[in-house]
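Engineer: What follows is the file structure-v7.txt, containing compact mmCIF, N, CA and C atoms:
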# COMPACT_ATOMS: atom_id res chain seq x y z
N ALA C 163 -55.25 4.83 54.74
CA ALA C 163 -55.39 4.20 56.03
C ALA C 163 -56.86 3.92 56.30
N LYS C 164 -57.13 2.69 56.70
CA LYS C 164 -58.51 2.30 56.97
C LYS C 164 -58.90 2.65 58.39
N THR C 165 -60.15 3.04 58.53
CA THR C 165 -60.68 3.34 59.85
C THR C 165 -61.52 2.17 60.35
N GLN C 166 -62.00 2.29 61.56
CA GLN C 166 -62.85 1.24 62.12
C GLN C 166 -64.15 1.12 61.34
N VAL C 167 -64.65 2.23 60.83
CA VAL C 167 -65.88 2.22 60.04
C VAL C 167 -65.66 1.44 58.74
N ASP C 168 -64.48 1.57 58.14
CA ASP C 168 -64.18 0.80 56.92
C ASP C 168 -64.21 -0.70 57.20
N TYR C 169 -63.65 -1.11 58.32
CA TYR C 169 -63.64 -2.52 58.67
C TYR C 169 -65.06 -3.03 58.94
N ILE C 170 -65.88 -2.21 59.59
CA ILE C 170 -67.27 -2.60 59.84
C ILE C 170 -68.01 -2.75 58.51
N ALA C 171 -67.82 -1.79 57.61
CA ALA C 171 -68.49 -1.85 56.30
C ALA C 171 -68.03 -3.06 55.50
N GLU C 172 -66.73 -3.37 55.54
CA GLU C 172 -66.23 -4.56 54.84
C GLU C 172 -66.85 -5.83 55.40
N ASP C 173 -66.99 -5.89 56.73
CA ASP C 173 -67.59 -7.07 57.34
C ASP C 173 -69.05 -7.20 56.92
N VAL C 174 -69.77 -6.08 56.86
CA VAL C 174 -71.17 -6.11 56.44
C VAL C 174 -71.28 -6.56 54.99
N ILE C 175 -70.40 -6.06 54.13
CA ILE C 175 -70.43 -6.44 52.71
C ILE C 175 -70.13 -7.93 52.55
N LYS C 176 -69.13 -8.43 53.29
CA LYS C 176 -68.81 -9.86 53.21
C LYS C 176 -69.98 -10.71 53.67
N ARG C 177 -70.63 -10.30 54.76
CA ARG C 177 -71.77 -11.08 55.25
C ARG C 177 -72.96 -11.00 54.31
N PHE C 178 -73.13 -9.85 53.63
CA PHE C 178 -74.25 -9.69 52.71
C PHE C 178 -74.13 -10.63 51.51
N PHE C 179 -72.93 -10.77 50.98
CA PHE C 179 -72.72 -11.61 49.81
C PHE C 179 -72.34 -13.04 50.16
N SER C 180 -72.33 -13.39 51.44
CA SER C 180 -71.96 -14.72 51.88
C SER C 180 -73.20 -15.60 51.99
N LEU C 181 -72.98 -16.90 52.00
CA LEU C 181 -74.08 -17.85 52.18
C LEU C 181 -74.28 -18.21 53.64
N ASP C 182 -73.42 -17.70 54.51
CA ASP C 182 -73.51 -17.97 55.94
C ASP C 182 -74.61 -17.09 56.54
N ASN C 183 -75.64 -17.73 57.06
CA ASN C 183 -76.77 -16.98 57.63
C ASN C 183 -76.78 -17.02 59.15
N SER C 184 -75.65 -17.27 59.76
CA SER C 184 -75.62 -17.40 61.21
C SER C 184 -75.74 -16.05 61.92
N ARG C 185 -75.30 -14.96 61.27
CA ARG C 185 -75.39 -13.63 61.88
C ARG C 185 -76.24 -12.73 60.98
N ALA C 186 -77.36 -12.29 61.52
CA ALA C 186 -78.28 -11.46 60.74
C ALA C 186 -77.71 -10.06 60.57
N LEU C 187 -78.05 -9.42 59.47
CA LEU C 187 -77.55 -8.08 59.19
C LEU C 187 -78.49 -6.99 59.65
N GLY C 188 -79.78 -7.21 59.63
CA GLY C 188 -80.72 -6.21 60.12
C GLY C 188 -81.28 -5.32 59.02
N LEU C 189 -81.64 -4.09 59.43
CA LEU C 189 -82.34 -3.17 58.53
C LEU C 189 -81.51 -2.73 57.34
N GLN C 190 -80.20 -2.74 57.48
CA GLN C 190 -79.36 -2.25 56.39
C GLN C 190 -79.47 -3.13 55.15
N THR C 191 -79.92 -4.36 55.29
CA THR C 191 -80.01 -5.23 54.12
C THR C 191 -81.10 -4.81 53.17
N TRP C 192 -82.05 -3.98 53.61
CA TRP C 192 -83.09 -3.53 52.70
C TRP C 192 -82.51 -2.72 51.55
N LEU C 193 -81.44 -2.00 51.81
CA LEU C 193 -80.87 -1.12 50.77
C LEU C 193 -79.46 -1.52 50.35
N LEU C 194 -78.95 -2.65 50.85
CA LEU C 194 -77.62 -3.08 50.42
C LEU C 194 -77.54 -3.52 48.96
N PRO C 195 -78.63 -3.85 48.29
CA PRO C 195 -78.50 -4.07 46.85
C PRO C 195 -77.97 -2.85 46.10
N LEU C 196 -77.87 -1.70 46.77
CA LEU C 196 -77.20 -0.55 46.15
C LEU C 196 -75.77 -0.87 45.76
N LEU C 197 -75.15 -1.83 46.46
CA LEU C 197 -73.78 -2.20 46.13
C LEU C 197 -73.67 -2.84 44.75
N LEU C 198 -74.77 -3.36 44.23
CA LEU C 198 -74.76 -3.99 42.91
C LEU C 198 -74.87 -2.96 41.79
N VAL C 199 -75.23 -1.74 42.14
CA VAL C 199 -75.35 -0.67 41.15
C VAL C 199 -73.96 -0.09 40.87
N GLN C 200 -73.76 0.40 39.67
CA GLN C 200 -72.47 1.00 39.32
C GLN C 200 -72.15 2.14 40.29
N PRO C 201 -70.88 2.28 40.68
CA PRO C 201 -70.53 3.30 41.68
C PRO C 201 -70.96 4.72 41.31
N GLU C 202 -70.94 5.07 40.05
CA GLU C 202 -71.32 6.43 39.68
C GLU C 202 -72.84 6.66 39.75
N LEU C 203 -73.63 5.59 39.84
CA LEU C 203 -75.08 5.72 39.94
C LEU C 203 -75.61 5.46 41.35
N ARG C 204 -74.75 5.07 42.29
CA ARG C 204 -75.22 4.71 43.63
C ARG C 204 -75.87 5.88 44.35
N MET C 205 -75.21 7.00 44.37
CA MET C 205 -75.76 8.13 45.12
C MET C 205 -77.03 8.68 44.47
N GLN C 206 -77.14 8.52 43.16
CA GLN C 206 -78.38 8.91 42.49
C GLN C 206 -79.53 8.06 43.01
N ARG C 207 -79.29 6.77 43.20
CA ARG C 207 -80.31 5.88 43.75
C ARG C 207 -80.60 6.22 45.22
N VAL C 208 -79.56 6.57 45.98
CA VAL C 208 -79.75 6.96 47.38
C VAL C 208 -80.63 8.20 47.44
N PHE C 209 -80.34 9.20 46.61
CA PHE C 209 -81.13 10.42 46.62
C PHE C 209 -82.56 10.16 46.15
N TYR C 210 -82.72 9.25 45.20
CA TYR C 210 -84.07 8.90 44.76
C TYR C 210 -84.86 8.24 45.89
N ALA C 211 -84.23 7.30 46.60
CA ALA C 211 -84.90 6.65 47.74
C ALA C 211 -85.22 7.67 48.83
N ALA C 212 -84.28 8.57 49.11
CA ALA C 212 -84.51 9.60 50.13
C ALA C 212 -85.66 10.52 49.71
N GLU C 213 -85.71 10.86 48.44
CA GLU C 213 -86.77 11.74 47.96
C GLU C 213 -88.14 11.06 48.03
N VAL C 214 -88.19 9.79 47.66
CA VAL C 214 -89.46 9.06 47.72
C VAL C 214 -89.94 8.92 49.16
N ILE C 215 -89.02 8.58 50.08
CA ILE C 215 -89.40 8.44 51.48
C ILE C 215 -89.89 9.78 52.04
N SER C 216 -89.14 10.85 51.77
CA SER C 216 -89.54 12.15 52.35
C SER C 216 -90.83 12.68 51.71
N LEU C 217 -91.02 12.48 50.43
CA LEU C 217 -92.24 12.94 49.76
C LEU C 217 -93.46 12.18 50.29
N THR C 218 -93.34 10.87 50.39
CA THR C 218 -94.45 10.07 50.91
C THR C 218 -94.71 10.40 52.38
N ALA C 219 -93.65 10.60 53.15
CA ALA C 219 -93.82 10.97 54.56
C ALA C 219 -94.50 12.33 54.69
N GLY C 220 -94.16 13.25 53.81
CA GLY C 220 -94.82 14.56 53.83
C GLY C 220 -96.30 14.46 53.52
N LEU C 221 -96.67 13.60 52.56
CA LEU C 221 -98.08 13.39 52.25
C LEU C 221 -98.81 12.75 53.43
N PHE C 222 -98.16 11.79 54.08
CA PHE C 222 -98.76 11.18 55.27
C PHE C 222 -98.90 12.19 56.38
N LEU C 223 -97.94 13.08 56.52
CA LEU C 223 -98.01 14.11 57.56
C LEU C 223 -99.19 15.05 57.29
N PHE C 224 -99.41 15.39 56.05
CA PHE C 224 -100.55 16.24 55.68
C PHE C 224 -101.87 15.55 56.04
N PHE C 225 -101.94 14.24 55.79
CA PHE C 225 -103.13 13.48 56.12
C PHE C 225 -103.28 13.30 57.63
N CYS C 226 -102.18 13.08 58.32
CA CYS C 226 -102.19 12.75 59.74
C CYS C 226 -102.48 13.95 60.63
N GLN C 227 -102.07 15.12 60.22
CA GLN C 227 -102.23 16.29 61.10
C GLN C 227 -103.69 16.61 61.36
N GLY C 228 -104.58 16.22 60.49
CA GLY C 228 -106.00 16.43 60.73
C GLY C 228 -106.58 15.48 61.76
N LEU C 229 -105.92 14.34 61.96
CA LEU C 229 -106.40 13.38 62.94
C LEU C 229 -105.92 13.69 64.34
N ALA C 230 -104.84 14.45 64.46
CA ALA C 230 -104.23 14.71 65.76
C ALA C 230 -104.83 15.97 66.38
N ARG C 231 -106.09 15.92 66.71
CA ARG C 231 -106.78 17.08 67.30
C ARG C 231 -107.35 16.67 68.66
N PHE C 232 -107.00 17.46 69.65
CA PHE C 232 -107.52 17.25 70.99
C PHE C 232 -108.57 18.32 71.27
N GLU C 233 -109.79 17.89 71.57
CA GLU C 233 -110.90 18.81 71.80
C GLU C 233 -111.56 18.48 73.13
N PRO C 234 -112.19 19.45 73.76
CA PRO C 234 -112.91 19.15 75.00
C PRO C 234 -114.08 18.21 74.75
N GLY C 235 -114.31 17.31 75.69
CA GLY C 235 -115.42 16.37 75.58
C GLY C 235 -115.16 15.21 74.64
N MET C 236 -113.89 14.87 74.41
CA MET C 236 -113.57 13.75 73.53
C MET C 236 -113.92 12.43 74.21
N THR C 237 -114.32 11.47 73.42
CA THR C 237 -114.52 10.13 73.96
C THR C 237 -113.16 9.47 74.12
N ASP C 238 -113.14 8.35 74.82
CA ASP C 238 -111.88 7.64 75.03
C ASP C 238 -111.28 7.18 73.71
N LEU C 239 -112.12 6.70 72.81
CA LEU C 239 -111.62 6.22 71.53
C LEU C 239 -111.05 7.35 70.68
N SER C 240 -111.70 8.50 70.68
CA SER C 240 -111.17 9.61 69.90
C SER C 240 -109.89 10.17 70.54
N PHE C 241 -109.78 10.10 71.88
CA PHE C 241 -108.55 10.53 72.54
C PHE C 241 -107.39 9.60 72.17
N ILE C 242 -107.64 8.29 72.19
CA ILE C 242 -106.59 7.33 71.81
C ILE C 242 -106.21 7.53 70.35
N SER C 243 -107.19 7.78 69.51
CA SER C 243 -106.92 8.04 68.10
C SER C 243 -106.04 9.28 67.92
N ALA C 244 -106.33 10.34 68.67
CA ALA C 244 -105.53 11.56 68.58
C ALA C 244 -104.11 11.34 69.10
N VAL C 245 -103.97 10.53 70.16
CA VAL C 245 -102.64 10.23 70.69
C VAL C 245 -101.83 9.44 69.66
N LEU C 246 -102.44 8.42 69.05
CA LEU C 246 -101.73 7.64 68.03
C LEU C 246 -101.37 8.50 66.82
N ALA C 247 -102.28 9.37 66.40
CA ALA C 247 -101.99 10.26 65.28
C ALA C 247 -100.86 11.23 65.63
N SER C 248 -100.84 11.73 66.87
CA SER C 248 -99.77 12.62 67.29
C SER C 248 -98.43 11.90 67.30
N PHE C 249 -98.43 10.67 67.81
CA PHE C 249 -97.19 9.89 67.81
C PHE C 249 -96.74 9.59 66.38
N GLY C 250 -97.71 9.30 65.49
CA GLY C 250 -97.37 9.10 64.08
C GLY C 250 -96.78 10.35 63.46
N CYS C 251 -97.32 11.53 63.80
CA CYS C 251 -96.76 12.80 63.30
C CYS C 251 -95.32 12.99 63.76
N ILE C 252 -95.06 12.70 65.02
CA ILE C 252 -93.70 12.85 65.55
C ILE C 252 -92.74 11.91 64.83
N LEU C 253 -93.15 10.66 64.61
CA LEU C 253 -92.29 9.71 63.90
C LEU C 253 -92.07 10.13 62.46
N ILE C 254 -93.10 10.65 61.81
CA ILE C 254 -92.96 11.08 60.42
C ILE C 254 -92.00 12.27 60.32
N ILE C 255 -92.15 13.23 61.21
CA ILE C 255 -91.24 14.38 61.19
C ILE C 255 -89.80 13.94 61.46
N THR C 256 -89.63 13.02 62.41
CA THR C 256 -88.29 12.51 62.70
C THR C 256 -87.70 11.78 61.50
N SER C 257 -88.49 10.97 60.82
CA SER C 257 -87.97 10.26 59.66
C SER C 257 -87.63 11.21 58.52
N ILE C 258 -88.40 12.29 58.35
CA ILE C 258 -88.08 13.29 57.33
C ILE C 258 -86.75 13.97 57.65
N ILE C 259 -86.54 14.31 58.91
CA ILE C 259 -85.28 14.95 59.31
C ILE C 259 -84.11 13.98 59.12
N MET C 260 -84.31 12.70 59.46
CA MET C 260 -83.24 11.72 59.26
C MET C 260 -82.91 11.53 57.78
N VAL C 261 -83.94 11.51 56.93
CA VAL C 261 -83.69 11.39 55.49
C VAL C 261 -82.92 12.60 54.99
N LEU C 262 -83.25 13.78 55.49
CA LEU C 262 -82.52 14.98 55.12
C LEU C 262 -81.05 14.87 55.53
N CYS C 263 -80.81 14.36 56.73
CA CYS C 263 -79.42 14.19 57.19
C CYS C 263 -78.67 13.18 56.32
N VAL C 264 -79.33 12.09 55.93
CA VAL C 264 -78.70 11.10 55.05
C VAL C 264 -78.34 11.73 53.71
N ALA C 265 -79.26 12.50 53.15
CA ALA C 265 -79.01 13.14 51.85
C ALA C 265 -77.86 14.14 51.95
N VAL C 266 -77.83 14.92 53.02
CA VAL C 266 -76.74 15.89 53.18
C VAL C 266 -75.40 15.18 53.36
N PHE C 267 -75.38 14.13 54.19
CA PHE C 267 -74.14 13.39 54.42
C PHE C 267 -73.62 12.78 53.12
N ASN C 268 -74.51 12.20 52.32
CA ASN C 268 -74.08 11.53 51.11
C ASN C 268 -73.80 12.49 49.96
N SER C 269 -74.22 13.74 50.07
CA SER C 269 -73.93 14.69 49.00
C SER C 269 -72.48 15.16 49.05
N VAL C 270 -71.81 15.01 50.18
CA VAL C 270 -70.43 15.47 50.29
C VAL C 270 -69.42 14.33 50.31
N LYS C 271 -69.88 13.09 50.23
CA LYS C 271 -68.99 11.93 50.26
C LYS C 271 -68.91 11.31 48.87
N ASN C 272 -67.81 10.62 48.64
CA ASN C 272 -67.71 9.87 47.39
C ASN C 272 -68.46 8.55 47.56
N PRO C 273 -68.93 7.97 46.47
CA PRO C 273 -69.75 6.76 46.58
C PRO C 273 -68.93 5.50 46.81
N SER C 274 -68.14 5.46 47.85
CA SER C 274 -67.37 4.26 48.17
C SER C 274 -68.30 3.23 48.80
N PRO C 275 -67.87 1.97 48.83
CA PRO C 275 -68.69 0.96 49.50
C PRO C 275 -68.94 1.29 50.98
N THR C 276 -67.95 1.90 51.63
CA THR C 276 -68.13 2.27 53.03
C THR C 276 -69.22 3.32 53.18
N ALA C 277 -69.19 4.34 52.33
CA ALA C 277 -70.22 5.38 52.39
C ALA C 277 -71.58 4.82 52.04
N THR C 278 -71.62 3.85 51.13
CA THR C 278 -72.90 3.26 50.75
C THR C 278 -73.49 2.47 51.90
N VAL C 279 -72.65 1.70 52.60
CA VAL C 279 -73.15 0.85 53.68
C VAL C 279 -73.47 1.67 54.92
N ILE C 280 -72.48 2.42 55.40
CA ILE C 280 -72.63 3.14 56.67
C ILE C 280 -73.43 4.43 56.49
N GLY C 281 -73.24 5.12 55.39
CA GLY C 281 -73.87 6.42 55.21
C GLY C 281 -75.20 6.41 54.52
N ALA C 282 -75.56 5.29 53.88
CA ALA C 282 -76.82 5.28 53.13
C ALA C 282 -77.72 4.11 53.51
N ALA C 283 -77.21 2.89 53.43
CA ALA C 283 -78.08 1.72 53.63
C ALA C 283 -78.59 1.62 55.05
N GLN C 284 -77.72 1.80 56.03
CA GLN C 284 -78.16 1.68 57.42
C GLN C 284 -79.14 2.79 57.82
N PRO C 285 -78.81 4.07 57.62
CA PRO C 285 -79.75 5.09 58.06
C PRO C 285 -81.05 5.13 57.25
N LEU C 286 -80.99 4.86 55.95
CA LEU C 286 -82.23 4.86 55.18
C LEU C 286 -83.12 3.69 55.56
N GLY C 287 -82.51 2.57 55.94
CA GLY C 287 -83.30 1.44 56.43
C GLY C 287 -84.04 1.80 57.70
N ILE C 288 -83.38 2.51 58.60
CA ILE C 288 -84.02 2.95 59.85
C ILE C 288 -85.11 3.98 59.55
N CYS C 289 -84.84 4.92 58.64
CA CYS C 289 -85.87 5.91 58.26
C CYS C 289 -87.09 5.22 57.68
N PHE C 290 -86.86 4.26 56.82
CA PHE C 290 -87.98 3.56 56.21
C PHE C 290 -88.77 2.78 57.26
N PHE C 291 -88.07 2.15 58.20
CA PHE C 291 -88.75 1.42 59.27
C PHE C 291 -89.60 2.36 60.12
N TRP C 292 -89.06 3.52 60.47
CA TRP C 292 -89.83 4.49 61.26
C TRP C 292 -91.03 4.99 60.47
N PHE C 293 -90.86 5.22 59.18
CA PHE C 293 -91.98 5.68 58.36
C PHE C 293 -93.08 4.62 58.30
N VAL C 294 -92.71 3.36 58.13
CA VAL C 294 -93.70 2.29 58.09
C VAL C 294 -94.42 2.19 59.44
N THR C 295 -93.67 2.30 60.54
CA THR C 295 -94.28 2.28 61.87
C THR C 295 -95.25 3.45 62.03
N ALA C 296 -94.85 4.63 61.60
CA ALA C 296 -95.72 5.81 61.70
C ALA C 296 -96.97 5.64 60.84
N SER C 297 -96.82 5.04 59.67
CA SER C 297 -98.00 4.84 58.82
C SER C 297 -98.97 3.86 59.46
N HIS C 298 -98.44 2.89 60.20
CA HIS C 298 -99.33 1.99 60.93
C HIS C 298 -100.10 2.75 62.03
N PHE C 299 -99.41 3.63 62.74
CA PHE C 299 -100.08 4.43 63.76
C PHE C 299 -101.17 5.31 63.15
N VAL C 300 -100.87 5.90 62.01
CA VAL C 300 -101.85 6.76 61.35
C VAL C 300 -103.04 5.93 60.88
N TYR C 301 -102.77 4.75 60.36
CA TYR C 301 -103.86 3.89 59.89
C TYR C 301 -104.75 3.47 61.06
N ILE C 302 -104.14 3.10 62.18
CA ILE C 302 -104.92 2.73 63.37
C ILE C 302 -105.72 3.93 63.88
N ALA C 303 -105.11 5.10 63.88
CA ALA C 303 -105.82 6.30 64.34
C ALA C 303 -106.99 6.64 63.41
N PHE C 304 -106.84 6.38 62.13
CA PHE C 304 -107.91 6.67 61.18
C PHE C 304 -109.08 5.70 61.33
N SER C 305 -108.76 4.43 61.62
CA SER C 305 -109.85 3.45 61.75
C SER C 305 -110.40 3.50 63.14
Starting from the file, lay out its structure as structure tokens.
Structural biologist:
Amino acid sequence: AKTQVDYIAEDVIKRFFSLDNSRALGLQTWLLPLLLVQPELRMQRVFYAAEVISLTAGLFLFFCQGLARFEPGMTDLSFISAVLASFGCILIITSIIMVLCVAVFNSVKNPSPTATVIGAAQPLGICFFWFVTASHFVYIAFS
């Protein structure tokens, strides 16, 4: 028996492989090429992407935590820099937690197209977007 999530995933897959560009798919299209990978290798690729995102986010967090320092007598520019670095730290920690949730969810599911679309492509796309946004905040705080 198909659920509503199965129908949503089927619609996303049809739109991804269709030539009709009238309805945009969004962030999930960054990782929908996973559907072209053999089913037995899909989750391996999902875990690899999750590991790369979380490892890089952890390195950015190590770099960013030194910038997020509030001290007495700060100038306005250093205060803004610390606020941006703090916001970048929060986004990085959130994206690491989301990647962990994606990996845990996909470790107990079979690699069906529904699990690939709803359980991997959409949330990892959002995690990657948040990580890129956080890296921009860290870069601005550093400069």
Engineer: Using only C-alpha atoms, can you list as a PyMOL selection string the residues within 7 Å of (-104.1, 16.8, 69.8)?
Structural biologist: chain C and resi 230-232+244-245+248
Engineer: To test your reading of the structure, identify every residue in chain C that backbone DSSP assigns to alpha helix (DSSP H), and report it as a PyMOL selection string.
Structural biologist: chain C and resi 166-178+201-226+238-269+275-278+284-304
Engineer: Calculate, to one decimal in Å, the centre and edge lengths of the box along x, y and z of the file that holds all listed atoms of region 200-210 of chain C with 3 Å of margin on each side, and present them as AutoDock Vina command-line options.
Structural biologist:
--center_x -77.7 --center_y 5.4 --center_z 43.4 --size_x 20.3 --size_y 16.0 --size_z 14.1
Engineer: Which neighbours of region 279-284 of chain C fall inside 6 Å, counting all atoms listed in the file, when residues of the same chain fewer than 2 positions from it are skipped, and could you give them as a list of chain:residue names?
Structural biologist: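 Answer for this query is C:Ala171, C:Leu189, C:Gln190, C:Leu193, C:Leu194, C:Val264, C:Ser274, C:Pro275, C:Thr276, C:Ala277, C:Leu286, C:Gly287, C:Ile288.
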Engineer: Can I get the selection written as a short mmCIF file (atom, residue, chain, number, x, y, z; two decimals), in the frame of the given file, with N, CA and C atoms?
Structural biologist:
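See again-v9.cif below for the written result:
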data_model
loop_
_atom_site.label_atom_id
_atom_site.label_comp_id
_atom_site.auth_asym_id
_atom_site.auth_seq_id
_atom_site.Cartn_x
_atom_site.Cartn_y
_atom_site.Cartn_z
N ALA C 171 -67.82 -1.79 57.61
CA ALA C 171 -68.49 -1.85 56.30
C ALA C 171 -68.03 -3.06 55.50
N LEU C 189 -81.64 -4.09 59.43
CA LEU C 189 -82.34 -3.17 58.53
C LEU C 189 -81.51 -2.73 57.34
N GLN C 190 -80.20 -2.74 57.48
CA GLN C 190 -79.36 -2.25 56.39
C GLN C 190 -79.47 -3.13 55.15
N LEU C 193 -81.44 -2.00 51.81
CA LEU C 193 -80.87 -1.12 50.77
C LEU C 193 -79.46 -1.52 50.35
N LEU C 194 -78.95 -2.65 50.85
CA LEU C 194 -77.62 -3.08 50.42
C LEU C 194 -77.54 -3.52 48.96
N VAL C 264 -79.33 12.09 55.93
CA VAL C 264 -78.70 11.10 55.05
C VAL C 264 -78.34 11.73 53.71
N SER C 274 -68.14 5.46 47.85
CA SER C 274 -67.37 4.26 48.17
C SER C 274 -68.30 3.23 48.80
N PRO C 275 -67.87 1.97 48.83
CA PRO C 275 -68.69 0.96 49.50
C PRO C 275 -68.94 1.29 50.98
N THR C 276 -67.95 1.90 51.63
CA THR C 276 -68.13 2.27 53.03
C THR C 276 -69.22 3.32 53.18
N ALA C 277 -69.19 4.34 52.33
CA ALA C 277 -70.22 5.38 52.39
C ALA C 277 -71.58 4.82 52.04
N LEU C 286 -80.99 4.86 55.95
CA LEU C 286 -82.23 4.86 55.18
C LEU C 286 -83.12 3.69 55.56
N GLY C 287 -82.51 2.57 55.94
CA GLY C 287 -83.30 1.44 56.43
C GLY C 287 -84.04 1.80 57.70
N ILE C 288 -83.38 2.51 58.60
CA ILE C 288 -84.02 2.95 59.85
C ILE C 288 -85.11 3.98 59.55
#
Engineer: Counting only C-alpha atoms, which residue out of C:Ala303, C:Met260, C:Leu239, C:Leu253 sits closest to Glu213 (chain C)?
Structural biologist: C:Met260
Engineer: Using only C-alpha atoms, pick whichever of C:Phe299, C:Phe304, C:Trp292, C:Phe267 has the shortest atom-to-atom distance to Val208 (chain C).
Structural biologist: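 Result for the nearest residue to Val208 (chain C): C:Phe267.
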Engineer: Can you tell me how far atom N of Phe291 (chain C) sits from atom C of Leu262 (chain C), in Å to one decimal?
Structural biologist: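 One can read the atom N of Phe291 (chain C) to atom C of Leu262 (chain C) distance as 14.8 Å.
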Engineer: Please measure the separation of CA of Ile302 (chain C) and CA of Glu233 (chain C), giving the value in Å to one decimal.
Structural biologist: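 Computing the Euclidean distance for CA of Ile302 (chain C) and CA of Glu233 (chain C) yields 19.1 Å.
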Engineer: Would you give me, as a tab-separated table, each residue of region 230-302 of chain C having an atom within 8 Å of an atom of region 220-225 of chain C, along with its shortest atom pair and that distance in Å to one decimal, using only N, CA and C atoms and sorting by chain and residue number?
Structural biologist:
residue	atom	partner	partner_atom	distance
C:Ala230	N	C:Phe225	C	7.1
C:Gly250	C	C:Leu223	CA	7.1
C:Cys251	CA	C:Leu223	CA	6.0
C:Ile254	CA	C:Leu223	CA	6.5
C:Ile255	N	C:Leu223	CA	7.0
C:Ile258	CA	C:Gly220	N	7.0
C:Ser297	CA	C:Phe222	CA	7.3
C:Val300	CA	C:Phe225	C	7.7
